[in-house]
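*Asks:* Sharing a structure with you now.
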Amino acid sequence: MIDLGKARERLRGGDQAVSRTPRLLASLALAEELRARLEVDGVNRAELAREHGITRARVTQLLALLSLPAEVLAWIRERGEHEPRLSERRLRPLLSLTRVQQLRAVAALFPSFRRSQRARA
């Protein structure tokens, strides 16, 4: 499990030796925490942004990552550390696509995703 304190520090550009967890995994962990706070505590995005020292736009970006297909999110969590080209920046344009288009795009960008999907089938 990802240590959220370390994840937040890494997102803010803290000590690079704090964790080996890639930035994308830290972003996903923070996004999950933010979503939980929105759903359970009823906190709004502006309050979350203030609490975490980030902008409302960044809160929205992080939450949008969670709209990726479950297969993609699971692959990121399993293989993210081994895929050097995998980044939030590369995934962000895919967020406006349909689920099928997202799966095809990730498979085209990352051959290891395609192989993992074949292995599961």
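Scheme for the structure tokens: letters A, B, ... for chains in order shown; per-chain residue numbers from 1; ligand numbers from 1 in order shown.
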Taking a cut-off of 10 Å and counting only C-alpha atoms, can you build a table that, for each residue of region 64-101 of chain A near region 30-54 of chain A, reports the nearest atom pair and how far apart they are in Å (one decimal), sorted by chain then residue number, as a tab-separated table?

*Replies:*
residue	atom	partner	partner_atom	distance
A:Ala64	CA	A:Ala31	CA	8.4
A:Leu65	CA	A:Ala31	CA	7.5
A:Leu66	CA	A:Ala31	CA	7.1

*Asks:* Please save C-alpha atoms of the selected residues as a PDB file, in the first residue's frame.

*Replies:*
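Output file out-v3.pdb is given in full below:
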ATOM      1  CA  ALA A  64     -10.170  12.773 -13.561  1.00  0.00           C
ATOM      2  CA  LEU A  65      -7.443  10.106 -13.507  1.00  0.00           C
ATOM      3  CA  LEU A  66      -9.846   7.845 -11.667  1.00  0.00           C
TER       4      LEU A  66
END

*Asks:* Please compute the CA of Thr55 (chain A)-CA of Val106 (chain A) distance, one decimal, in Å.

*Replies:*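 Those two atoms sit 27.6 Å apart.
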
*Asks:* Pick out the residues sitting within 10 Å of Phe113 (chain A), and hand them over as a PyMOL selection string; count only C-alpha atoms, and ignore anything fewer than 2 positions along from it in its own chain.

*Replies:* chain A and resi 71-72+75-76+79+83+103-104+106-111+115-119

*Asks:* Mind dumping the selected residues with C-alpha atoms as a PDB file, in the first residue's frame?

*Replies:*
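In the end it all went to selection.pdb:
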ATOM      1  CA  GLU A  71      -8.165  -2.391 -16.324  1.00  0.00           C
ATOM      2  CA  VAL A  72      -5.878   0.563 -17.000  1.00  0.00           C
ATOM      3  CA  TRP A  75      -2.228  -2.188 -14.824  1.00  0.00           C
ATOM      4  CA  ILE A  76      -0.748   1.129 -13.679  1.00  0.00           C
ATOM      5  CA  ARG A  79       3.312  -2.352 -13.706  1.00  0.00           C
ATOM      6  CA  GLU A  83       7.067   1.435 -17.511  1.00  0.00           C
ATOM      7  CA  LEU A 103      -8.197   0.983 -23.889  1.00  0.00           C
ATOM      8  CA  ARG A 104      -7.026   1.033 -27.506  1.00  0.00           C
ATOM      9  CA  VAL A 106      -3.202   2.713 -23.862  1.00  0.00           C
ATOM     10  CA  ALA A 107      -2.544  -0.549 -25.723  1.00  0.00           C
ATOM     11  CA  ALA A 108      -1.028   1.414 -28.615  1.00  0.00           C
ATOM     12  CA  LEU A 109       1.148   3.564 -26.348  1.00  0.00           C
ATOM     13  CA  PHE A 110       2.257   0.806 -23.990  1.00  0.00           C
ATOM     14  CA  PRO A 111       2.859  -2.684 -25.426  1.00  0.00           C
ATOM     15  CA  ARG A 115       0.430  -8.107 -23.343  1.00  0.00           C
ATOM     16  CA  SER A 116      -1.144  -7.992 -19.872  1.00  0.00           C
ATOM     17  CA  GLN A 117      -4.630  -7.906 -21.394  1.00  0.00           C
ATOM     18  CA  ARG A 118      -3.882 -10.895 -23.614  1.00  0.00           C
ATOM     19  CA  ALA A 119      -2.585 -12.830 -20.616  1.00  0.00           C
TER      20      ALA A 119
END

*Asks:* Between CA of Leu97 (chain A) and CA of Ala26 (chain A), what is the spacing in Å?

*Replies:*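 Separation between CA of Ala26 (chain A) and CA of Leu97 (chain A): 23.5 Å.
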
*Asks:* CA of Arg56 (chain A) and CA of Val100 (chain A) are how many Å apart?

*Replies:*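 Value for the CA of Arg56 (chain A)-CA of Val100 (chain A) distance: 28.8 Å.
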